[in-house]
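Containing compact mmCIF, C-alpha atoms: upload-v6.txt.
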# COMPACT_ATOMS: atom_id res chain seq x y z
CA LYS A 1 -244.74 131.34 4.44
CA GLY A 2 -245.18 130.73 0.77
CA THR A 3 -242.50 128.01 0.80
CA ALA A 4 -243.20 124.35 0.20
CA ARG A 5 -241.96 122.13 3.02
CA ALA A 6 -241.58 118.38 2.92
CA LYS A 7 -243.86 116.65 5.40
CA LEU A 8 -241.93 113.37 5.42
CA TYR A 9 -238.57 112.23 4.08
CA GLU A 10 -239.17 108.57 3.27
CA THR A 11 -237.87 106.02 0.79
CA GLN A 12 -240.20 103.12 0.03
CA ALA A 13 -237.38 100.66 -0.64
CA VAL A 14 -237.55 97.14 -2.04
CA LEU A 15 -234.46 94.92 -1.85
CA TYR A 16 -233.91 92.14 -4.39
CA THR A 17 -231.39 89.35 -4.72
CA CYS A 18 -230.22 88.02 -8.07
CA THR A 19 -231.14 84.38 -8.67
CA ALA A 20 -230.00 83.87 -12.29
CA ASP A 21 -228.20 85.64 -15.19
CA CYS A 22 -226.43 87.89 -12.69
CA ASP A 23 -223.40 88.48 -14.92
CA ASP A 24 -225.18 88.60 -18.27
CA PRO A 25 -226.20 92.22 -19.04
CA ALA A 26 -227.74 91.16 -22.35
CA ALA A 27 -230.18 88.73 -20.75
CA GLY A 28 -230.87 90.84 -17.69
CA PRO A 29 -230.77 89.45 -14.14
CA LYS A 30 -233.65 87.48 -12.61
CA LEU A 31 -234.52 89.05 -9.29
CA LYS A 32 -236.31 87.83 -6.17
CA GLU A 33 -237.66 90.18 -3.52
CA VAL A 34 -236.11 89.55 -0.11
CA ASN A 35 -237.15 92.59 1.90
CA ARG A 36 -239.07 95.86 1.75
CA HIS A 37 -239.11 98.71 4.20
CA ASN A 38 -240.11 102.37 4.33
CA ILE A 39 -236.80 104.01 5.21
CA ILE A 40 -236.81 107.17 7.29
CA VAL A 41 -234.01 108.84 9.26
CA ASN A 42 -232.58 106.46 11.89
CA ASP A 43 -234.85 103.65 10.71
CA PRO A 44 -232.89 101.86 7.97
CA LEU A 45 -233.70 98.85 5.88
CA SER A 46 -231.81 95.89 7.39
CA TYR A 47 -231.00 92.57 5.80
CA LYS A 48 -228.31 90.09 6.81
CA GLY A 49 -225.99 92.73 8.27
CA LEU A 50 -226.56 95.20 5.42
CA LYS A 51 -228.27 98.48 6.32
CA ALA A 52 -229.58 101.18 3.99
CA TYR A 53 -229.93 104.58 5.71
CA GLN A 54 -231.80 107.64 4.49
CA PHE A 55 -228.91 110.02 3.76
CA GLY A 56 -230.15 112.89 1.61
CA PHE A 57 -232.28 114.02 -1.30
CA ASP A 58 -232.11 116.23 -4.38
CA ASP A 59 -235.18 117.97 -5.76
CA THR A 60 -233.34 119.65 -8.66
CA PRO A 61 -235.25 118.83 -11.90
CA LYS A 62 -233.28 116.36 -14.01
CA LEU A 63 -234.16 114.85 -17.35
CA LYS A 64 -235.53 111.34 -17.14
CA ALA A 65 -236.57 110.76 -20.76
CA VAL A 66 -237.40 112.57 -24.00
CA LYS A 67 -239.36 111.57 -27.10
CA PRO A 68 -237.57 113.19 -30.04
CA VAL A 69 -238.16 112.75 -33.75
CA LEU A 70 -235.76 112.41 -36.67
CA VAL A 71 -236.29 115.20 -39.23
CA ASP A 72 -235.16 115.02 -42.86
CA LYS A 73 -234.38 118.69 -43.50
CA ALA A 74 -234.53 118.32 -47.29
CA THR A 75 -238.07 116.89 -47.39
CA GLY A 76 -239.39 118.03 -44.01
CA GLN A 77 -240.41 114.44 -43.30
CA THR A 78 -240.33 113.41 -39.62
CA TYR A 79 -239.81 109.91 -38.29
CA GLY A 80 -240.71 108.88 -34.76
CA PRO A 81 -241.00 109.83 -32.00
CA PHE A 82 -238.86 107.34 -30.08
CA ASN A 83 -238.43 107.06 -26.32
CA LEU A 84 -234.92 107.95 -25.21
CA GLU A 85 -234.20 107.20 -21.56
CA MET A 86 -231.34 109.11 -19.99
CA ARG A 87 -230.00 106.29 -17.83
CA ASN A 88 -231.04 103.12 -19.65
CA PRO A 89 -231.40 103.96 -23.34
CA GLU A 90 -231.98 101.27 -25.92
CA LEU A 91 -229.10 100.46 -28.23
CA GLU A 92 -231.09 100.71 -31.47
CA TYR A 93 -234.15 102.60 -32.70
CA LYS A 94 -236.01 101.89 -35.96
CA LEU A 95 -237.53 105.05 -37.47
CA GLY A 96 -239.16 104.40 -40.83
CA PRO A 97 -236.39 103.64 -43.34
CA TYR A 98 -233.72 104.86 -40.93
CA THR A 99 -232.01 103.17 -38.00
CA LEU A 100 -230.34 104.90 -35.04
CA GLN A 101 -227.67 102.90 -33.30
CA LEU A 102 -226.50 104.27 -29.97
CA LYS A 103 -222.70 104.31 -29.82
CA GLN A 104 -221.85 106.53 -26.85
CA THR A 105 -223.57 108.19 -23.90
CA TYR A 106 -222.34 111.12 -21.81
CA MET A 107 -224.44 111.97 -18.74
CA ASP A 108 -222.65 115.22 -17.93
CA PHE A 109 -220.91 116.21 -21.17
CA THR A 110 -217.66 118.11 -21.10
CA LEU A 111 -214.55 118.65 -23.20
CA ASP A 112 -211.09 118.22 -21.70
CA LYS A 113 -208.11 120.48 -22.41
CA ASN A 114 -207.34 118.45 -25.53
CA GLY A 115 -210.88 118.84 -26.86
CA GLN A 116 -211.80 115.22 -26.17
CA PRO A 117 -215.36 114.48 -24.98
CA GLY A 118 -215.99 113.10 -21.51
CA THR A 119 -218.42 113.22 -18.61
CA LYS A 120 -218.03 115.09 -15.33
CA SER A 121 -220.43 112.92 -13.35
CA SER A 122 -222.99 110.16 -13.61
CA GLU A 123 -225.90 112.58 -13.20
CA PRO A 124 -227.84 113.69 -16.33
CA ASN A 125 -226.91 117.36 -15.94
CA ALA A 126 -225.85 117.80 -19.57
CA PRO A 127 -226.67 114.53 -21.34
CA ALA A 128 -225.34 113.82 -24.83
CA PHE A 129 -225.78 110.82 -27.14
CA VAL A 130 -223.81 109.73 -30.18
CA PHE A 131 -225.95 107.87 -32.73
CA LEU A 132 -224.98 106.13 -35.94
CA ILE A 133 -227.64 106.96 -38.53
CA LYS A 134 -228.16 104.33 -41.24
CA GLY A 135 -230.62 104.44 -44.11
CA PRO A 136 -231.27 105.66 -47.68
CA ASN A 137 -228.62 107.88 -49.29
CA LEU A 138 -226.20 107.24 -46.44
CA PRO A 139 -223.02 105.13 -46.35
CA ALA A 140 -223.54 101.48 -45.44
CA THR A 141 -221.44 102.05 -42.34
CA GLY A 142 -223.69 104.96 -41.29
CA GLU A 143 -223.00 108.53 -40.25
CA PRO A 144 -222.33 109.62 -36.61
CA TYR A 145 -224.66 112.23 -35.13
CA MET A 146 -224.33 113.82 -31.69
CA TYR A 147 -227.58 114.76 -29.98
CA PHE A 148 -228.04 117.04 -26.95
CA PRO A 149 -231.58 116.78 -25.48
CA LYS A 150 -231.28 120.17 -23.72
CA GLU A 151 -231.50 123.23 -25.95
CA VAL A 152 -228.99 125.12 -23.81
CA ASP A 153 -226.44 122.33 -24.30
CA LYS A 154 -226.99 122.40 -28.05
CA GLN A 155 -225.95 126.04 -28.07
CA THR A 156 -223.15 125.69 -25.52
CA PHE A 157 -221.42 122.81 -27.29
CA SER A 158 -222.39 123.86 -30.86
CA GLN A 159 -224.26 120.71 -31.86
CA ASP A 160 -224.62 121.83 -35.50
CA VAL A 161 -220.89 122.49 -35.81
CA ILE A 162 -220.00 119.10 -34.31
CA ASN A 163 -222.34 117.22 -36.66
CA GLY A 164 -221.16 119.04 -39.79
CA LYS A 165 -222.71 117.77 -43.05
CA ILE A 166 -224.93 115.14 -41.41
CA GLY A 167 -226.35 117.98 -39.30
CA GLU A 168 -227.31 119.82 -42.50
CA GLN A 169 -229.26 116.77 -43.68
CA PHE A 170 -230.89 115.52 -40.46
CA GLU A 171 -231.96 116.85 -37.10
CA ILE A 172 -233.03 115.04 -33.94
CA LYS A 173 -235.26 117.25 -31.86
CA VAL A 174 -238.13 117.29 -29.38
CA GLY A 175 -241.29 118.94 -30.67
CA SER A 176 -242.71 120.19 -27.37
CA MET A 177 -242.37 119.93 -23.60
CA GLU A 178 -245.11 117.30 -23.64
CA ASN A 179 -242.43 114.93 -24.89
CA VAL A 180 -240.06 115.69 -22.01
CA THR A 181 -240.16 113.78 -18.71
CA PHE A 182 -238.36 114.97 -15.59
CA ALA A 183 -237.30 112.74 -12.73
CA GLY A 184 -238.89 113.24 -9.33
CA ILE A 185 -236.98 113.85 -6.12
CA ILE A 186 -233.86 111.71 -6.00
CA THR A 187 -233.10 109.97 -2.71
CA THR A 188 -229.55 109.28 -1.57
CA LEU A 189 -229.04 106.17 0.54
CA ASN A 190 -226.01 105.30 2.67
CA ILE A 191 -225.34 101.55 2.47
CA ARG A 192 -223.42 100.14 5.41
CA THR A 193 -222.28 96.73 6.55
CA ASP A 194 -220.33 96.44 9.81
CA ARG A 195 -218.83 93.04 10.57
CA ALA A 196 -216.81 94.25 13.54
CA MET A 197 -219.80 94.71 15.87
CA PRO A 198 -219.58 91.18 17.42
CA PHE A 199 -215.99 91.92 18.43
CA ILE A 200 -216.95 95.36 19.74
CA TRP A 201 -219.76 93.94 21.89
CA THR A 202 -217.46 91.16 23.16
CA GLY A 203 -214.82 93.72 24.15
CA ALA A 204 -217.46 95.91 25.80
CA GLY A 205 -218.70 92.89 27.80
CA ILE A 206 -215.19 92.06 29.00
CA SER A 207 -214.65 95.70 29.99
CA MET A 208 -217.92 95.80 31.94
CA PHE A 209 -217.06 92.53 33.69
CA GLY A 210 -213.68 93.97 34.72
CA LEU A 211 -215.36 97.16 35.89
CA LEU A 212 -217.77 95.17 38.06
CA ILE A 213 -214.91 93.18 39.55
CA GLY A 214 -212.90 96.30 40.29
CA SER A 215 -215.83 98.27 41.69
CA TYR A 216 -217.88 95.77 43.68
CA TRP A 217 -215.66 92.78 44.47
CA GLN A 218 -213.31 93.05 47.45
CA HIS A 219 -209.70 91.98 47.07
CA ARG A 220 -208.66 90.28 50.33
CA ARG A 221 -205.38 88.77 51.52
CA ILE A 222 -204.75 87.00 54.85
CA TRP A 223 -201.34 85.90 56.15
CA LEU A 224 -200.53 83.48 59.00
CA ARG A 225 -197.04 83.13 60.45
CA ALA A 226 -196.04 80.64 63.10
CA ASP A 227 -193.00 81.89 65.06
CA ALA A 228 -192.08 79.57 67.96
CA ASN A 229 -195.09 79.66 70.24
CA ARG A 230 -196.49 82.79 68.67
CA LEU A 231 -198.98 82.95 65.80
CA LEU A 232 -199.13 86.18 63.83
CA LEU A 233 -202.15 87.00 61.69
CA GLY A 234 -202.38 89.80 59.14
CA ALA A 235 -205.07 90.80 56.68
CA HIS A 236 -205.45 93.37 53.92
CA THR A 237 -208.33 94.54 51.75
CA ASN A 238 -208.74 97.30 49.21
CA LYS A 239 -212.10 98.32 50.67
CA ASN A 240 -214.49 97.61 53.53
CA ASN A 241 -211.93 97.07 56.27
CA TYR A 242 -214.76 96.80 58.80
CA GLY A 243 -216.08 93.77 56.96
CA ILE A 244 -212.73 91.96 56.94
CA ARG A 245 -212.28 92.63 60.67
CA ALA A 246 -215.62 91.01 61.32
CA ASP A 247 -214.72 88.04 59.12
CA VAL A 248 -211.34 87.59 60.83
CA ALA A 249 -213.01 87.78 64.26
CA ALA A 250 -215.53 85.16 63.17
CA ALA A 251 -212.75 82.87 61.91
CA LEU A 252 -210.87 83.23 65.20
CA GLY A 253 -214.06 82.59 67.14
CA SER A 254 -214.61 79.30 65.31
CA ALA A 255 -211.09 78.32 66.42
CA GLY A 256 -211.94 79.07 70.05
CA ILE A 257 -210.35 82.50 70.18
CA VAL A 258 -212.98 85.05 71.04
CA VAL A 259 -212.14 88.62 70.14
CA GLU A 260 -214.15 91.71 69.44
CA PRO A 261 -213.85 92.93 65.83
CA LYS A 262 -213.24 96.46 67.11
CA SER A 263 -210.31 95.27 69.18
CA LEU A 264 -208.43 94.16 66.07
CA ASP A 265 -205.84 96.70 65.07
CA ASN A 266 -206.46 98.66 61.92
CA GLY A 267 -203.62 100.33 60.08
CA GLY A 268 -200.54 98.47 61.30
CA ASN A 269 -200.30 100.07 64.79
CA THR A 270 -198.02 97.88 66.91
CA THR A 271 -197.99 99.88 70.16
Would you write the structure of this file as structure tokens?
Amino acid sequence: KGTARAKLYETQAVLYTCTADCDDPAAGPKLKEVNRHNIIVNDPLSYKGLKAYQFGFDDTPKLKAVKPVLVDKATGQTYGPFNLEMRNPELEYKLGPYTLQLKQTYMDFTLDKNGQPGTKSSEPNAPAFVFLIKGPNLPATGEPYMYFPKEVDKQTFSQDVINGKIGEQFEIKVGSMENVTFAGIITTLNIRTDRAMPFIWTGAGISMFGLLIGSYWQHRRIWLRADANRLLLGAHTNKNNYGIRADVAAALGSAGIVVEPKSLDNGGNTT
């Protein structure tokens, strides 16, 4: 009661294949749709031996994009806003007389034991961006500026201290929550391809065939020995000894020797 429950866990998946520019990130790949399927548990998307299973989900709010502005602290002039995607940001932004060139991205910012920046994961838990600001009254090579979209990260990692003098002159900030976009529920897929299944099914078929032979087929052996004027006959089976007695009696009958199947000895009794 009072708790939201998901009615259906489903991924409306579309699978594409690359047809051109597959290895050229600057041009971007040309894609062709080859399959689409609404994936639910135990009902994966399948294509040429590849299967995509519904594996999990994460409904923790994560930043998708922000629209910050560049503020000149001396004049109070703002430039922008510009759209900054967390996962696929543009490499350059033109804001009035200034240009922001993206030099480095950290999705989950952290500092190692030597004080060097790095990322703990590929999820935008604590995103950070390093821009090179170029424009009036700045060196031709530009000035680096580190920007943390989350206010808590700005305080945790001391954004103003990191930026130093350039931080006293400029600030990149988001004016209001209207300029913040959060990602929806993130689905986790398990991608599998199993090329051993034909061998597994072949082995299973051979095993079943052997099981049928062992369980339902009778193994029979019959010996004949001619000793002077005496003919000895012996027979053995792993099952259904009554059936082999009847068959032996029928074979003897066709040779002119009439015997009752029950009269044939069973078990090697020679008395």
For this session: Find the spatial neighbours of A:Asp247, counting all atoms listed in the file, within a cut-off of 12 Å - ignore same-chain residues fewer than 5 positions away - and output them as an MDAnalysis selection string.
Result: chainID A and resid 220 222 235:237 240:242 252:254 259:262 264
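Each of A:Gly184, A:Gly115, A:Gly210, A:Gly49 was checked against A:Leu63 using all atoms listed in the file; the smallest atom-to-atom distance is that of A:Gly184.
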Exercise. Which residue gives the smallest distance to A:Asn88 among A:Arg36, A:Lys150, A:Lys103, A:Lys64, with all atoms listed in the file counted?
Worked result: A:Lys64
For this session: Record the distance separating atom CA of A:Tyr16 and atom CA of A:Lys48, expressed in Å with one decimal.
Result: 12.7 Å
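With all atoms listed in the file as the atoms that count, the residue of A:Glu92, A:Asp24, A:Asp160, A:Glu123 with the shortest distance to A:Thr60 is A:Glu123.
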Problem set entry | Nearest-residue call for A:Pro81, choices A:Gln101, A:Thr11, A:Gly214, A:Val174, using all atoms listed in the file |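 Distance minimum relative to A:Pro81 lands on A:Val174.
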Problem set entry | Who sits within 12 Å of A:Met177, all atoms listed in the file, same chain under 5 positions skipped, as a PyMOL selection string | chain A and resi 63+65-68+149-151+182
For this session: Tell me which of A:Thr19, A:Gln218, A:Gln155, A:Thr105 sits closest to A:Lys32, counting all atoms listed in the file.
Result: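 Nearest to A:Lys32: A:Thr19.
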For this session: Place a sphere of radius 10 Å on (-231.6, 110.5, 6.9) in the file coordinates and name every protein, DNA or RNA residue with an atom inside or on its surface, counting all atoms listed in the file; give the answer as a list in words.
Result: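 Protein, DNA and RNA residues close to (-231.6, 110.5, 6.9): Tyr9, Glu10, Thr11, Ile39, Ile40, Val41, Asn42, Asp43, Pro44, Ala52, Tyr53, Gln54, Phe55, Gly56, Phe57, Thr187, Thr188, Leu189 and Asn190 of chain A.
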Problem set entry | Selection near A:Phe170, 9 Å with only C-alpha atoms, sequence-local residues under 5 positions removed, as a list in words |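 Neighbouring residues, sequence-local ones excluded: Leu70, Val71, Asp72, Lys73, Ala74, Tyr145 and Lys165 of chain A.
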Exercise. Distance atom CA of A:Asp59-atom CA of A:Arg5, one decimal place?
Worked result: 11.8 Å
Problem set entry | Minimum-distance residue to A:Leu233, chosen among A:Ile172, A:Ala251, A:Leu211, A:Ile200 (using only C-alpha atoms) |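 That would be A:Ala251, the residue with the smallest distance to A:Leu233.
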Problem set entry | Shell around A:Thr119 at 12 Å using all atoms listed in the file, local window under 5 positions removed, as a list in words |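 Within the cut-off, the hits are Gln104, Thr105, Tyr106, Met107, Asp108, Phe109, Thr110, Leu111, Asp112, Pro124, Asn125, Ala126, Pro127, Ala128 and Phe129 of chain A.
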Model the absent atoms of stretch 90-101 of chain A so that all heavy atoms are present, and write the result as a short mmCIF file (atom, residue, chain, number, x, y, z; two decimals), in the coordinates of the input.
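In the end it all went to rebuild.cif:
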data_model
loop_
_atom_site.label_atom_id
_atom_site.label_comp_id
_atom_site.auth_asym_id
_atom_site.auth_seq_id
_atom_site.Cartn_x
_atom_site.Cartn_y
_atom_site.Cartn_z
N GLU A 90 -232.12 102.44 -25.06
CA GLU A 90 -231.98 101.27 -25.92
C GLU A 90 -230.80 101.49 -26.87
O GLU A 90 -230.38 102.61 -27.14
CB GLU A 90 -233.26 101.05 -26.72
CG GLU A 90 -234.47 100.73 -25.85
CD GLU A 90 -235.73 100.49 -26.68
OE1 GLU A 90 -235.58 100.25 -27.89
OE2 GLU A 90 -236.82 100.55 -26.10
N LEU A 91 -230.27 100.38 -27.37
CA LEU A 91 -229.10 100.46 -28.23
C LEU A 91 -229.45 100.70 -29.69
O LEU A 91 -228.56 101.05 -30.48
CB LEU A 91 -228.27 99.17 -28.09
CG LEU A 91 -227.74 98.88 -26.69
CD1 LEU A 91 -226.93 97.59 -26.69
CD2 LEU A 91 -226.88 100.04 -26.18
N GLU A 92 -230.72 100.52 -30.06
CA GLU A 92 -231.09 100.71 -31.47
C GLU A 92 -232.55 101.15 -31.56
O GLU A 92 -233.41 100.67 -30.81
CB GLU A 92 -230.89 99.40 -32.25
CG GLU A 92 -231.13 99.55 -33.76
CD GLU A 92 -230.73 98.30 -34.52
OE1 GLU A 92 -229.51 98.01 -34.57
OE2 GLU A 92 -231.62 97.61 -35.06
N TYR A 93 -232.80 102.09 -32.48
CA TYR A 93 -234.15 102.60 -32.70
C TYR A 93 -234.44 102.53 -34.20
O TYR A 93 -233.63 102.99 -35.02
CB TYR A 93 -234.27 104.05 -32.21
CG TYR A 93 -233.98 104.22 -30.74
CD1 TYR A 93 -232.68 104.49 -30.30
CD2 TYR A 93 -234.99 104.12 -29.79
CE1 TYR A 93 -232.40 104.65 -28.96
CE2 TYR A 93 -234.71 104.28 -28.44
CZ TYR A 93 -233.41 104.55 -28.04
OH TYR A 93 -233.14 104.70 -26.70
N LYS A 94 -235.59 101.99 -34.56
CA LYS A 94 -236.01 101.89 -35.96
C LYS A 94 -237.03 102.98 -36.24
O LYS A 94 -238.11 103.02 -35.64
CB LYS A 94 -236.63 100.51 -36.22
CG LYS A 94 -236.93 100.23 -37.66
CD LYS A 94 -235.66 100.10 -38.49
CE LYS A 94 -235.99 99.70 -39.93
NZ LYS A 94 -234.77 99.62 -40.78
N LEU A 95 -236.67 103.92 -37.14
CA LEU A 95 -237.53 105.05 -37.47
C LEU A 95 -237.76 105.07 -38.97
O LEU A 95 -236.95 105.60 -39.74
CB LEU A 95 -236.89 106.37 -37.01
CG LEU A 95 -236.49 106.46 -35.53
CD1 LEU A 95 -235.75 107.75 -35.27
CD2 LEU A 95 -237.72 106.35 -34.64
N GLY A 96 -238.88 104.48 -39.39
CA GLY A 96 -239.16 104.40 -40.83
C GLY A 96 -238.03 103.68 -41.55
O GLY A 96 -237.60 102.59 -41.14
N PRO A 97 -237.48 104.29 -42.62
CA PRO A 97 -236.39 103.64 -43.34
C PRO A 97 -235.02 103.82 -42.67
O PRO A 97 -234.02 103.30 -43.16
CB PRO A 97 -236.42 104.33 -44.70
CG PRO A 97 -236.93 105.70 -44.40
CD PRO A 97 -237.92 105.54 -43.27
N TYR A 98 -234.99 104.56 -41.57
CA TYR A 98 -233.72 104.86 -40.93
C TYR A 98 -233.58 104.10 -39.61
O TYR A 98 -234.57 103.77 -38.94
CB TYR A 98 -233.59 106.37 -40.66
CG TYR A 98 -233.56 107.19 -41.93
CD1 TYR A 98 -234.72 107.81 -42.40
CD2 TYR A 98 -232.38 107.33 -42.67
CE1 TYR A 98 -234.70 108.55 -43.57
CE2 TYR A 98 -232.35 108.07 -43.83
CZ TYR A 98 -233.52 108.67 -44.28
OH TYR A 98 -233.50 109.41 -45.45
N THR A 99 -232.35 103.85 -39.25
CA THR A 99 -232.01 103.17 -38.00
C THR A 99 -231.01 104.00 -37.23
O THR A 99 -230.01 104.49 -37.79
CB THR A 99 -231.40 101.78 -38.26
OG1 THR A 99 -232.34 100.99 -39.00
CG2 THR A 99 -231.07 101.07 -36.96
N LEU A 100 -231.27 104.20 -35.93
CA LEU A 100 -230.34 104.90 -35.04
C LEU A 100 -229.71 103.88 -34.11
O LEU A 100 -230.40 103.22 -33.34
CB LEU A 100 -231.07 105.97 -34.22
CG LEU A 100 -231.80 107.09 -34.98
CD1 LEU A 100 -232.38 108.10 -34.00
CD2 LEU A 100 -230.88 107.77 -35.96
N GLN A 101 -228.41 103.78 -34.19
CA GLN A 101 -227.67 102.90 -33.30
C GLN A 101 -226.90 103.74 -32.29
O GLN A 101 -226.12 104.61 -32.67
CB GLN A 101 -226.70 102.01 -34.09
CG GLN A 101 -227.38 101.01 -35.00
CD GLN A 101 -226.37 100.16 -35.75
OE1 GLN A 101 -225.17 100.43 -35.76
NE2 GLN A 101 -226.87 99.11 -36.40
#
